[in-house]
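Here is the structure we will look at, set down as structure tokens.
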Amino acid sequence: MRSIIYLVIGVFFGIVMYKSEAASWFRIYEMFQFKAFHMYGIIGSALGMGIIVVQSIKRYKIKSFYGKQIIFIPKEKSIGRYLIGGIIFGLGWALVGACPGPMFTLIGAGYIPVLVVIVSALLGTFVYGVIRHKLPH
Amino acid sequence: MDWIFEPWPWYISGPLIALIMFFLLMIGKNFGMSDNLRTLCSLCGAGKTSDFFKFDWKAQRWNLIVVLGAIIGGFIGSYYLSNETAVAINPEVIENLQSLGFNSAGKTYLPTELYDMSALTHIKSVSILILGGLLVGFGARYAGGCTSGHAISGLSDLQGPSLIAVIGFFIGGIFMIHVLFPIIF
């Protein structure tokens, strides 16, 4: 039963990514060129609503649908890993025009070469896992 | 209902993304897509090489199902909910991209120069896809999240680290587009 809920949420997410054009390479390029409001509007309005949602859950101690407390785990404090990791991610995001969600959406939309991006992203994740002890965090 | 078949405006799409995050929180989960890359590595046996991948991946099964849904959603969105796939980007950007050799700008959903099947026979295109994928996978894990985990989930929770990560995303992206693109293309 719960699996169906996850699947429905995923399908909905995929449709939104495709139809909003957030999965389009061109939109990402245009965003980094600052030539349209579209992507900023998507991220900004998602974030605006998101802040209201999360802060309301925290303030009014809203329970999950299953009656459990909703926990937000604070991220480890650091600057280096977020800044360096973020910059590396941004370089790749701009190059392939897809982040880890839309990548999968594009496979469904029939763009087979995206598989090359996904396999490479898995490899990148693997490399991080192997050398992470040597990196500043 | 015709609007469904048109590209969805930002003021519909953005709140829908927040709604997805809300539903995930309400069933006790977190919105974060790049975690799946780590889980898939574990599934492929990466735990033998690095203990970073030694964890109970079954606890992340739910997120893999979300990904499966995202694939199906992409299929439905493109084959059943769209009449036309051209992305109406700013004409200035189209001109700029054409000068870089992207002749499909303004005509397709993705640049055919990178994502058409024929691109797989061009070493340059494939190298770009591989390099970009590596950077995304490596960077997302190093930064502890991607666009969904940091820019949406983390920032909604007003987390400082997520703000630093998102600033990093934009430094990297802007540098790639404005400095490296003219060199690469």
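So you can find residues: chains in the structure tokens are A, B, ... in the order shown, residues in each start at 1, and ligands are numbered from 1 in order.
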
Show me a table, sorted first by chain and then by increasing residue number, of the residues of chain A having an atom at most 6 Å from chain B, each with its shortest atom pair and the distance in Å to one decimal, counting only C-alpha atoms and written as a Markdown table.
| residue | atom | partner | partner_atom | distance |
| --- | --- | --- | --- | --- |
| A:Tyr6 | CA | B:Val66 | CA | 5.3 |
| A:Leu7 | CA | B:Gly69 | CA | 4.8 |
| A:Gly10 | CA | B:Gly69 | CA | 3.9 |
| A:Val11 | CA | B:Gly69 | CA | 4.1 |
| A:Phe13 | CA | B:Ala70 | CA | 5.9 |
| A:Gly14 | CA | B:Ala70 | CA | 3.9 |
| A:Ile15 | CA | B:Gly73 | CA | 4.5 |
| A:Tyr18 | CA | B:Gly74 | CA | 5.9 |
| A:Lys19 | CA | B:Pro7 | CA | 5.3 |
| A:Ser20 | CA | B:Trp8 | CA | 4.9 |
| A:Ser24 | CA | B:Leu110 | CA | 5.7 |
| A:Trp25 | CA | B:Leu110 | CA | 5.6 |
| A:Phe32 | CA | B:Ile174 | CA | 5.4 |
| A:His38 | CA | B:Trp10 | CA | 5.8 |
| A:Gly41 | CA | B:Trp10 | CA | 5.3 |
| A:Ile42 | CA | B:Gly14 | CA | 4.2 |
| A:Ser45 | CA | B:Gly14 | CA | 5.0 |
| A:Ala46 | CA | B:Gly14 | CA | 4.1 |
| A:Leu47 | CA | B:Ile152 | CA | 5.6 |
| A:Met49 | CA | B:Ala18 | CA | 5.9 |
| A:Gly50 | CA | B:Ser156 | CA | 5.0 |
| A:Ile51 | CA | B:Ser156 | CA | 4.1 |
| A:Ser64 | CA | B:Met26 | CA | 4.3 |
| A:Phe65 | CA | B:Met26 | CA | 5.5 |
| A:Arg81 | CA | B:Ala143 | CA | 5.5 |
| A:Tyr82 | CA | B:Ala143 | CA | 4.4 |
| A:Leu83 | CA | B:Gly168 | CA | 4.9 |
| A:Gly85 | CA | B:Ala143 | CA | 4.2 |
| A:Gly86 | CA | B:Gly168 | CA | 4.2 |
| A:Ile87 | CA | B:Gly172 | CA | 4.2 |
| A:Ile88 | CA | B:Gly139 | CA | 4.8 |
| A:Phe89 | CA | B:Gly139 | CA | 4.1 |
| A:Gly90 | CA | B:Phe169 | CA | 4.0 |
| A:Leu91 | CA | B:Gly172 | CA | 4.4 |
| A:Gly92 | CA | B:Gly132 | CA | 4.1 |
| A:Ala94 | CA | B:Gly173 | CA | 5.0 |
| A:Leu95 | CA | B:Gly132 | CA | 5.5 |
| A:Val96 | CA | B:Gly132 | CA | 5.4 |
| A:Pro100 | CA | B:Ser34 | CA | 5.4 |
| A:Gly101 | CA | B:Met33 | CA | 5.5 |
| A:Phe104 | CA | B:Ile71 | CA | 5.2 |
| A:Thr105 | CA | B:Gly74 | CA | 4.3 |
| A:Leu106 | CA | B:Gly74 | CA | 6.0 |
| A:Gly108 | CA | B:Phe75 | CA | 4.3 |
| A:Ala109 | CA | B:Phe75 | CA | 4.4 |
| A:Pro113 | CA | B:Tyr115 | CA | 5.5 |
| A:Val117 | CA | B:Gly133 | CA | 4.5 |
| A:Ser120 | CA | B:Gly133 | CA | 4.7 |
| A:Ala121 | CA | B:Gly137 | CA | 4.0 |
| A:Leu122 | CA | B:Leu37 | CA | 5.6 |
| A:Gly124 | CA | B:Leu134 | CA | 4.2 |
| A:Thr125 | CA | B:Gly137 | CA | 4.7 |
| A:Tyr128 | CA | B:Phe138 | CA | 5.5 |
| A:Gly129 | CA | B:Phe52 | CA | 5.4 |
| A:Val130 | CA | B:Ser50 | CA | 5.5 |

Worksheet item: Mind pulling up the distance from CA of Gly80 in chain A to CA of Phe55 in chain B?
Response: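 Taking CA of Phe55 in chain B and CA of Gly80 in chain A, their separation equals 25.3 Å.
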
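Interatomic distance, CA of Lys75 in chain A to CA of Gly149 in chain B: 10.9 Å.
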